[in-house]
file protein-v9.cif (mmCIF, N, CA and C atoms)
data_coords
loop_
_atom_site.label_atom_id
_atom_site.label_comp_id
_atom_site.auth_asym_id
_atom_site.auth_seq_id
_atom_site.Cartn_x
_atom_site.Cartn_y
_atom_site.Cartn_z
N MET G 30 4.72 -54.84 60.15
CA MET G 30 4.72 -55.32 61.53
C MET G 30 3.43 -54.84 62.19
N PRO G 31 2.70 -55.75 62.83
CA PRO G 31 1.43 -55.36 63.46
C PRO G 31 1.70 -54.51 64.71
N PRO G 32 0.75 -53.64 65.06
CA PRO G 32 0.92 -52.80 66.27
C PRO G 32 0.96 -53.68 67.52
N PRO G 33 1.68 -53.19 68.56
CA PRO G 33 1.78 -53.98 69.79
C PRO G 33 0.41 -54.12 70.45
N THR G 34 0.20 -55.27 71.02
CA THR G 34 -1.06 -55.52 71.71
C THR G 34 -0.97 -55.00 73.13
N THR G 35 -2.12 -54.94 73.76
CA THR G 35 -2.17 -54.48 75.15
C THR G 35 -1.34 -55.40 76.03
N ALA G 36 -1.40 -56.69 75.78
CA ALA G 36 -0.63 -57.65 76.59
C ALA G 36 0.86 -57.43 76.42
N SER G 37 1.33 -57.19 75.18
CA SER G 37 2.77 -56.99 74.98
C SER G 37 3.23 -55.67 75.58
N ARG G 38 2.37 -54.62 75.55
CA ARG G 38 2.72 -53.35 76.21
C ARG G 38 2.81 -53.53 77.71
N THR G 39 1.90 -54.29 78.27
CA THR G 39 1.92 -54.55 79.72
C THR G 39 3.18 -55.31 80.10
N VAL G 40 3.55 -56.31 79.32
CA VAL G 40 4.77 -57.08 79.58
C VAL G 40 5.98 -56.16 79.48
N SER G 41 6.02 -55.30 78.46
CA SER G 41 7.14 -54.36 78.30
C SER G 41 7.25 -53.42 79.49
N ARG G 42 6.12 -52.92 79.93
CA ARG G 42 6.12 -52.01 81.09
C ARG G 42 6.59 -52.73 82.35
N LEU G 43 6.13 -53.95 82.54
CA LEU G 43 6.56 -54.73 83.71
C LEU G 43 8.06 -55.02 83.66
N LEU G 44 8.56 -55.34 82.48
CA LEU G 44 10.01 -55.58 82.34
C LEU G 44 10.80 -54.30 82.64
N GLY G 45 10.31 -53.17 82.12
CA GLY G 45 10.97 -51.89 82.39
C GLY G 45 10.93 -51.54 83.87
N LEU G 46 9.79 -51.73 84.50
CA LEU G 46 9.65 -51.46 85.93
C LEU G 46 10.56 -52.38 86.75
N THR G 47 10.66 -53.63 86.33
CA THR G 47 11.52 -54.58 87.02
C THR G 47 12.98 -54.16 86.89
N ALA G 48 13.39 -53.72 85.71
CA ALA G 48 14.77 -53.29 85.49
C ALA G 48 15.10 -52.06 86.33
N VAL G 49 14.19 -51.09 86.35
CA VAL G 49 14.41 -49.88 87.16
C VAL G 49 14.46 -50.25 88.63
N SER G 50 13.56 -51.09 89.09
CA SER G 50 13.54 -51.51 90.50
C SER G 50 14.83 -52.23 90.86
N ALA G 51 15.29 -53.12 89.98
CA ALA G 51 16.54 -53.84 90.24
C ALA G 51 17.71 -52.87 90.33
N GLY G 52 17.72 -51.86 89.46
CA GLY G 52 18.78 -50.85 89.51
C GLY G 52 18.77 -50.06 90.81
N LEU G 53 17.59 -49.65 91.25
CA LEU G 53 17.48 -48.90 92.50
C LEU G 53 17.85 -49.76 93.70
N ILE G 54 17.43 -51.01 93.69
CA ILE G 54 17.81 -51.92 94.79
C ILE G 54 19.32 -52.12 94.78
N GLY G 55 19.90 -52.25 93.59
CA GLY G 55 21.36 -52.40 93.49
C GLY G 55 22.09 -51.20 94.05
N LEU G 56 21.59 -50.00 93.76
CA LEU G 56 22.21 -48.79 94.31
C LEU G 56 22.10 -48.77 95.83
N ALA G 57 20.94 -49.14 96.34
CA ALA G 57 20.75 -49.14 97.80
C ALA G 57 21.68 -50.13 98.47
N ILE G 58 21.84 -51.31 97.87
CA ILE G 58 22.70 -52.34 98.46
C ILE G 58 24.17 -51.92 98.41
N THR G 59 24.56 -51.24 97.35
CA THR G 59 25.97 -50.87 97.19
C THR G 59 26.29 -49.48 97.74
N ASN G 60 25.35 -48.86 98.44
CA ASN G 60 25.61 -47.57 99.07
C ASN G 60 26.64 -47.78 100.17
N PRO G 61 27.88 -47.25 99.99
CA PRO G 61 28.94 -47.51 100.98
C PRO G 61 28.60 -46.93 102.35
N GLY G 62 28.92 -47.68 103.39
CA GLY G 62 28.65 -47.26 104.75
C GLY G 62 29.84 -46.57 105.40
N PRO G 63 29.72 -46.25 106.69
CA PRO G 63 30.76 -45.54 107.41
C PRO G 63 32.11 -46.25 107.43
N ALA G 64 32.14 -47.57 107.50
CA ALA G 64 33.42 -48.29 107.52
C ALA G 64 34.17 -48.09 106.20
N ALA G 65 33.45 -48.15 105.09
CA ALA G 65 34.07 -47.92 103.78
C ALA G 65 34.52 -46.47 103.66
N PHE G 66 33.73 -45.54 104.21
CA PHE G 66 34.13 -44.13 104.19
C PHE G 66 35.41 -43.94 104.98
N GLU G 67 35.54 -44.62 106.11
CA GLU G 67 36.74 -44.51 106.92
C GLU G 67 37.98 -44.93 106.12
N GLU G 68 37.87 -46.00 105.35
CA GLU G 68 38.98 -46.45 104.51
C GLU G 68 39.31 -45.42 103.43
N PHE G 69 38.28 -44.90 102.77
CA PHE G 69 38.47 -43.88 101.74
C PHE G 69 39.14 -42.64 102.32
N ALA G 70 38.62 -42.17 103.45
CA ALA G 70 39.16 -40.97 104.09
C ALA G 70 40.59 -41.18 104.55
N ALA G 71 40.90 -42.37 105.06
CA ALA G 71 42.26 -42.66 105.50
C ALA G 71 43.24 -42.51 104.34
N GLU G 72 42.86 -43.03 103.20
CA GLU G 72 43.72 -42.94 102.01
C GLU G 72 43.92 -41.49 101.60
N LYS G 73 42.81 -40.75 101.49
CA LYS G 73 42.89 -39.35 101.07
C LYS G 73 43.69 -38.50 102.07
N LEU G 74 43.42 -38.68 103.37
CA LEU G 74 44.12 -37.89 104.38
C LEU G 74 45.60 -38.22 104.45
N THR G 75 45.95 -39.49 104.25
CA THR G 75 47.36 -39.88 104.24
C THR G 75 48.08 -39.19 103.09
N GLU G 76 47.49 -39.20 101.92
CA GLU G 76 48.08 -38.52 100.76
C GLU G 76 48.23 -37.03 101.03
N MET G 77 47.15 -36.42 101.52
CA MET G 77 47.15 -34.99 101.75
C MET G 77 48.15 -34.59 102.84
N ALA G 78 48.18 -35.34 103.93
CA ALA G 78 49.10 -35.01 105.03
C ALA G 78 50.55 -35.19 104.60
N SER G 79 50.82 -36.21 103.81
CA SER G 79 52.20 -36.40 103.32
C SER G 79 52.64 -35.21 102.49
N LYS G 80 51.78 -34.75 101.60
CA LYS G 80 52.13 -33.59 100.77
C LYS G 80 52.27 -32.33 101.62
N GLU G 81 51.31 -32.14 102.51
CA GLU G 81 51.28 -30.91 103.32
C GLU G 81 52.44 -30.83 104.31
N LEU G 82 52.72 -31.94 104.98
CA LEU G 82 53.72 -31.91 106.05
C LEU G 82 55.13 -32.24 105.59
N CYS G 83 55.25 -33.15 104.65
CA CYS G 83 56.58 -33.68 104.31
C CYS G 83 57.23 -32.94 103.15
N GLN G 84 56.51 -32.11 102.47
CA GLN G 84 57.07 -31.34 101.36
C GLN G 84 56.94 -29.86 101.66
N ASN G 85 57.75 -29.07 101.01
CA ASN G 85 57.64 -27.60 101.09
C ASN G 85 57.71 -27.06 102.51
N GLU G 86 58.52 -27.65 103.34
CA GLU G 86 58.71 -27.17 104.71
C GLU G 86 57.39 -26.99 105.44
N GLY G 87 56.54 -28.00 105.38
CA GLY G 87 55.23 -27.96 106.03
C GLY G 87 55.32 -28.03 107.55
N LEU G 88 56.39 -28.61 108.05
CA LEU G 88 56.59 -28.70 109.50
C LEU G 88 57.55 -27.62 109.98
N PRO G 89 57.43 -27.20 111.23
CA PRO G 89 58.40 -26.26 111.79
C PRO G 89 59.80 -26.90 111.78
N LEU G 90 60.82 -26.07 111.80
CA LEU G 90 62.21 -26.53 111.70
C LEU G 90 62.54 -27.58 112.76
N LEU G 91 62.15 -27.37 114.00
CA LEU G 91 62.43 -28.32 115.06
C LEU G 91 61.82 -29.69 114.77
N ALA G 92 60.59 -29.71 114.30
CA ALA G 92 59.92 -30.97 113.97
C ALA G 92 60.63 -31.67 112.82
N ARG G 93 61.07 -30.91 111.81
CA ARG G 93 61.79 -31.52 110.68
C ARG G 93 63.10 -32.14 111.13
N LEU G 94 63.76 -31.52 112.12
CA LEU G 94 65.02 -32.08 112.63
C LEU G 94 64.78 -33.38 113.40
N LEU G 95 63.65 -33.49 114.09
CA LEU G 95 63.35 -34.66 114.91
C LEU G 95 62.78 -35.84 114.10
N ILE G 96 62.06 -35.54 113.05
CA ILE G 96 61.41 -36.60 112.27
C ILE G 96 62.34 -37.04 111.15
N GLN G 97 62.73 -38.30 111.19
CA GLN G 97 63.67 -38.83 110.20
C GLN G 97 63.00 -39.17 108.87
N ASN G 98 61.83 -39.83 108.91
CA ASN G 98 61.16 -40.27 107.69
C ASN G 98 59.70 -39.82 107.76
N CYS G 99 59.46 -38.61 107.34
CA CYS G 99 58.12 -38.02 107.46
C CYS G 99 57.05 -38.83 106.71
N PRO G 100 57.25 -39.21 105.44
CA PRO G 100 56.20 -39.97 104.75
C PRO G 100 55.85 -41.28 105.46
N GLU G 101 56.84 -41.97 105.99
CA GLU G 101 56.58 -43.23 106.69
C GLU G 101 55.81 -42.97 107.99
N LEU G 102 56.16 -41.90 108.68
CA LEU G 102 55.45 -41.54 109.91
C LEU G 102 53.97 -41.25 109.61
N VAL G 103 53.71 -40.52 108.54
CA VAL G 103 52.33 -40.21 108.16
C VAL G 103 51.59 -41.50 107.79
N ARG G 104 52.21 -42.37 106.99
CA ARG G 104 51.57 -43.63 106.59
C ARG G 104 51.25 -44.51 107.80
N SER G 105 52.09 -44.44 108.82
CA SER G 105 51.85 -45.26 110.02
C SER G 105 50.61 -44.78 110.79
N GLN G 106 50.13 -43.60 110.48
CA GLN G 106 48.96 -43.04 111.15
C GLN G 106 47.69 -43.15 110.30
N ARG G 107 47.74 -43.98 109.27
CA ARG G 107 46.63 -44.12 108.33
C ARG G 107 45.31 -44.47 109.03
N LYS G 108 45.32 -45.47 109.89
CA LYS G 108 44.09 -45.89 110.58
C LYS G 108 43.57 -44.78 111.50
N VAL G 109 44.49 -44.11 112.18
CA VAL G 109 44.10 -43.01 113.07
C VAL G 109 43.45 -41.89 112.27
N LEU G 110 44.02 -41.58 111.12
CA LEU G 110 43.47 -40.52 110.27
C LEU G 110 42.07 -40.90 109.76
N GLY G 111 41.90 -42.16 109.39
CA GLY G 111 40.58 -42.62 108.94
C GLY G 111 39.55 -42.52 110.04
N ARG G 112 39.91 -42.93 111.24
CA ARG G 112 38.99 -42.86 112.38
C ARG G 112 38.67 -41.40 112.71
N LEU G 113 39.67 -40.54 112.62
CA LEU G 113 39.47 -39.11 112.87
C LEU G 113 38.46 -38.54 111.88
N ALA G 114 38.60 -38.91 110.61
CA ALA G 114 37.65 -38.42 109.59
C ALA G 114 36.25 -38.96 109.86
N ARG G 115 36.16 -40.24 110.20
CA ARG G 115 34.84 -40.84 110.47
C ARG G 115 34.18 -40.16 111.67
N ASP G 116 34.96 -39.89 112.71
CA ASP G 116 34.41 -39.28 113.92
C ASP G 116 34.03 -37.81 113.72
N ASN G 117 34.63 -37.17 112.71
CA ASN G 117 34.36 -35.75 112.46
C ASN G 117 33.55 -35.54 111.18
N SER G 118 32.79 -36.56 110.80
CA SER G 118 31.95 -36.48 109.61
C SER G 118 30.51 -36.76 110.00
N ARG G 119 29.64 -36.20 109.21
CA ARG G 119 28.22 -36.48 109.39
C ARG G 119 27.70 -37.10 108.10
N ARG G 120 27.05 -38.24 108.24
CA ARG G 120 26.52 -38.94 107.08
C ARG G 120 25.04 -38.60 106.90
N TYR G 121 24.70 -38.23 105.67
CA TYR G 121 23.32 -38.01 105.28
C TYR G 121 22.97 -39.15 104.33
N ASN G 122 22.24 -40.14 104.83
CA ASN G 122 21.94 -41.35 104.07
C ASN G 122 20.59 -41.18 103.37
N PHE G 123 20.62 -41.25 102.04
CA PHE G 123 19.41 -41.13 101.24
C PHE G 123 19.00 -42.48 100.65
N GLY G 124 19.53 -43.55 101.20
CA GLY G 124 19.18 -44.89 100.74
C GLY G 124 19.97 -45.31 99.51
N LEU G 125 19.78 -44.60 98.41
CA LEU G 125 20.48 -44.93 97.16
C LEU G 125 21.90 -44.37 97.15
N LEU G 126 22.11 -43.31 97.90
CA LEU G 126 23.41 -42.66 97.98
C LEU G 126 23.52 -41.98 99.34
N SER G 127 24.73 -41.60 99.68
CA SER G 127 24.97 -40.88 100.94
C SER G 127 25.88 -39.70 100.66
N LEU G 128 25.74 -38.68 101.48
CA LEU G 128 26.66 -37.55 101.47
C LEU G 128 27.33 -37.50 102.83
N TYR G 129 28.64 -37.29 102.82
CA TYR G 129 29.41 -37.16 104.06
C TYR G 129 29.97 -35.75 104.12
N GLY G 130 29.65 -35.03 105.19
CA GLY G 130 30.22 -33.71 105.43
C GLY G 130 31.29 -33.84 106.51
N THR G 131 32.50 -33.42 106.19
CA THR G 131 33.63 -33.61 107.09
C THR G 131 34.28 -32.27 107.41
N ARG G 132 34.60 -32.06 108.68
CA ARG G 132 35.34 -30.87 109.12
C ARG G 132 36.45 -31.32 110.06
N LEU G 133 37.68 -31.01 109.69
CA LEU G 133 38.86 -31.40 110.48
C LEU G 133 39.76 -30.20 110.69
N GLY G 134 40.54 -30.25 111.76
CA GLY G 134 41.62 -29.30 111.96
C GLY G 134 41.21 -28.03 112.67
N GLY G 135 42.11 -27.05 112.56
CA GLY G 135 41.93 -25.78 113.21
C GLY G 135 42.55 -25.70 114.59
N GLU G 136 43.08 -26.83 115.08
CA GLU G 136 43.65 -26.85 116.42
C GLU G 136 45.06 -26.27 116.45
N LYS G 137 45.40 -25.70 117.58
CA LYS G 137 46.75 -25.19 117.80
C LYS G 137 47.60 -26.35 118.33
N VAL G 138 48.71 -26.64 117.64
CA VAL G 138 49.57 -27.76 118.01
C VAL G 138 50.78 -27.29 118.81
N LEU G 139 51.42 -26.24 118.34
CA LEU G 139 52.57 -25.64 119.01
C LEU G 139 52.26 -24.16 119.20
N PRO G 140 53.03 -23.45 120.03
CA PRO G 140 52.70 -22.05 120.29
C PRO G 140 52.48 -21.20 119.03
N ASN G 141 53.28 -21.39 118.01
CA ASN G 141 53.13 -20.57 116.80
C ASN G 141 52.74 -21.40 115.58
N TRP G 142 52.10 -22.53 115.81
CA TRP G 142 51.77 -23.41 114.68
C TRP G 142 50.43 -24.07 114.92
N SER G 143 49.50 -23.85 113.99
CA SER G 143 48.17 -24.46 114.07
C SER G 143 47.91 -25.28 112.81
N ILE G 144 47.06 -26.27 112.96
CA ILE G 144 46.67 -27.10 111.83
C ILE G 144 45.59 -26.35 111.05
N PRO G 145 45.71 -26.28 109.73
CA PRO G 145 44.63 -25.65 108.95
C PRO G 145 43.33 -26.42 109.11
N ARG G 146 42.22 -25.76 108.87
CA ARG G 146 40.92 -26.41 108.93
C ARG G 146 40.56 -26.89 107.52
N TYR G 147 40.10 -28.12 107.43
CA TYR G 147 39.69 -28.73 106.17
C TYR G 147 38.21 -29.07 106.23
N ASP G 148 37.50 -28.72 105.18
CA ASP G 148 36.09 -29.07 105.05
C ASP G 148 35.93 -29.80 103.73
N ALA G 149 35.13 -30.87 103.74
CA ALA G 149 34.91 -31.64 102.53
C ALA G 149 33.50 -32.20 102.50
N VAL G 150 32.99 -32.36 101.29
CA VAL G 150 31.72 -33.04 101.07
C VAL G 150 32.01 -34.17 100.09
N THR G 151 31.62 -35.38 100.48
CA THR G 151 31.90 -36.58 99.68
C THR G 151 30.60 -37.29 99.36
N LEU G 152 30.46 -37.69 98.11
CA LEU G 152 29.31 -38.46 97.66
C LEU G 152 29.68 -39.94 97.68
N ALA G 153 28.81 -40.77 98.26
CA ALA G 153 28.99 -42.21 98.27
C ALA G 153 27.84 -42.82 97.49
N VAL G 154 28.18 -43.54 96.42
CA VAL G 154 27.15 -44.15 95.58
C VAL G 154 27.75 -45.33 94.82
N ALA G 155 26.98 -46.40 94.70
CA ALA G 155 27.36 -47.58 93.91
C ALA G 155 28.74 -48.11 94.29
N GLY G 156 29.05 -48.13 95.58
CA GLY G 156 30.31 -48.69 96.04
C GLY G 156 31.51 -47.78 95.85
N HIS G 157 31.31 -46.54 95.47
CA HIS G 157 32.41 -45.61 95.21
C HIS G 157 32.21 -44.31 95.97
N PHE G 158 33.31 -43.58 96.12
CA PHE G 158 33.28 -42.27 96.75
C PHE G 158 33.79 -41.24 95.76
N VAL G 159 33.12 -40.08 95.75
CA VAL G 159 33.53 -38.97 94.90
C VAL G 159 33.62 -37.74 95.78
N LEU G 160 34.80 -37.14 95.83
CA LEU G 160 35.00 -35.92 96.60
C LEU G 160 34.38 -34.77 95.80
N LEU G 161 33.28 -34.20 96.31
CA LEU G 161 32.57 -33.14 95.60
C LEU G 161 33.20 -31.78 95.82
N THR G 162 33.46 -31.45 97.08
CA THR G 162 34.12 -30.18 97.40
C THR G 162 35.12 -30.42 98.52
N ALA G 163 36.19 -29.67 98.47
CA ALA G 163 37.18 -29.70 99.54
C ALA G 163 37.77 -28.31 99.63
N SER G 164 37.90 -27.82 100.86
CA SER G 164 38.48 -26.49 101.04
C SER G 164 39.35 -26.48 102.29
N GLU G 165 40.29 -25.59 102.26
CA GLU G 165 41.20 -25.40 103.40
C GLU G 165 41.12 -23.94 103.81
N SER G 166 41.00 -23.71 105.11
CA SER G 166 41.01 -22.34 105.60
C SER G 166 42.12 -22.20 106.63
N ALA G 167 42.62 -21.02 106.72
CA ALA G 167 43.73 -20.75 107.63
C ALA G 167 43.28 -20.95 109.07
N PRO G 168 44.20 -21.40 109.94
CA PRO G 168 43.85 -21.56 111.35
C PRO G 168 43.35 -20.24 111.93
N GLY G 169 42.31 -20.33 112.72
CA GLY G 169 41.77 -19.14 113.38
C GLY G 169 40.80 -18.35 112.54
N SER G 170 40.60 -18.74 111.26
CA SER G 170 39.63 -18.02 110.45
C SER G 170 38.22 -18.43 110.89
N PRO G 171 37.25 -17.56 110.69
CA PRO G 171 35.89 -17.87 111.15
C PRO G 171 35.31 -19.06 110.40
N VAL G 172 34.46 -19.81 111.09
CA VAL G 172 33.79 -20.95 110.49
C VAL G 172 32.60 -20.45 109.70
N PRO G 173 32.46 -20.90 108.43
CA PRO G 173 31.34 -20.40 107.61
C PRO G 173 30.03 -20.95 108.09
#
call {"tool": "encode", "arguments": {"input": "protein-v9.cif", "output": "structure tokens"}}
result
Amino acid sequence: MPPPTTASRTVSRLLGLTAVSAGLIGLAITNPGPAAFEEFAAEKLTEMASKELCQNEGLPLLARLLIQNCPELVRSQRKVLGRLARDNSRRYNFGLLSLYGTRLGGEKVLPNWSIPRYDAVTLAVAGHFVLLTASESAPGSPVP
């Protein structure tokens, strides 16, 4: 097989550059925005709140007596939870991908009951979200 010519190397390089450029443009176009993050966060928060509140005596006794169907009540607040996450998140947009830093909770709800504080970092890339870190701290603990 004869060695590649300068013209064929140039064509190969242009094809490679075109493929890389198309990939980068594709990533930029599919970088999910705040509305998609709100949907993702609503799903995650609904799951988390259902587990936290509706299982293992997560609510105070009085609240458990008043709430008949805790999982359904939490699911009915899905949009509110998504909006809450969006409003309490900061997006760092790098064009090809985004990072969302979210901080929720820590508020006192009843005299002897506070909501834990949740911090999360989420990666948004290629139309998907990946939860990178998530932590929960006790109410009233210092903010890092």
call {"tool": "atom_distance", "arguments": {"input": "protein-v9.cif", "atom1": "atom C of Ala70 of chain G", "atom2": "atom C of Arg93 of chain G"}}
result
25.1 Å
call {"tool": "atom_distance", "arguments": {"input": "protein-v9.cif", "atom1": "atom C of Gln106 of chain G", "atom2": "atom N of Ala65 of chain G"}}
result
16.0 Å
call {"tool": "select_by_dssp", "arguments": {"input": "protein-v9.cif", "residues": "segment 64-142 of chain G", "states": "alpha helix (DSSP H)", "output": "PyMOL selection string"}}
result
chain G and resi 64-83+90-95+99-104+107-116
call {"tool": "atom_distance", "arguments": {"input": "protein-v9.cif", "atom1": "atom CA of Glu101 of chain G", "atom2": "atom CA of Lys73 of chain G"}}
result
15.3 Å
call {"tool": "closest_residue", "arguments": {"input": "protein-v9.cif", "among": "G:Leu46, G:Ala36, G:Ile54, G:Val150", "to": "Arg120 of chain G", "atoms": "only C-alpha atoms"}}
result
G:Val150
call {"tool": "residues_around", "arguments": {"input": "protein-v9.cif", "residues": "Asp116 of chain G", "least_positions_apart": "5", "cutoff": "10 Å", "atoms": "only C-alpha atoms", "output": "ChimeraX atom specification"}}
result
/G:63,67,110-111,131-133
call {"tool": "closest_residue", "arguments": {"input": "protein-v9.cif", "among": "G:Asn98, G:Ser127, G:Ser166, G:Thr34", "to": "Ile144 of chain G", "atoms": "all atoms listed in the file"}}
result
G:Ser166
call {"tool": "closest_residue", "arguments": {"input": "protein-v9.cif", "among": "G:Glu68, G:Glu81, G:Asp148, G:Glu165", "to": "Val109 of chain G", "atoms": "only C-alpha atoms"}}
result
G:Glu68
call {"tool": "closest_residue", "arguments": {"input": "protein-v9.cif", "among": "G:Ser164, G:Leu125, G:Ser105, G:Val159", "to": "Tyr147 of chain G", "atoms": "all atoms listed in the file"}}
result
G:Ser164
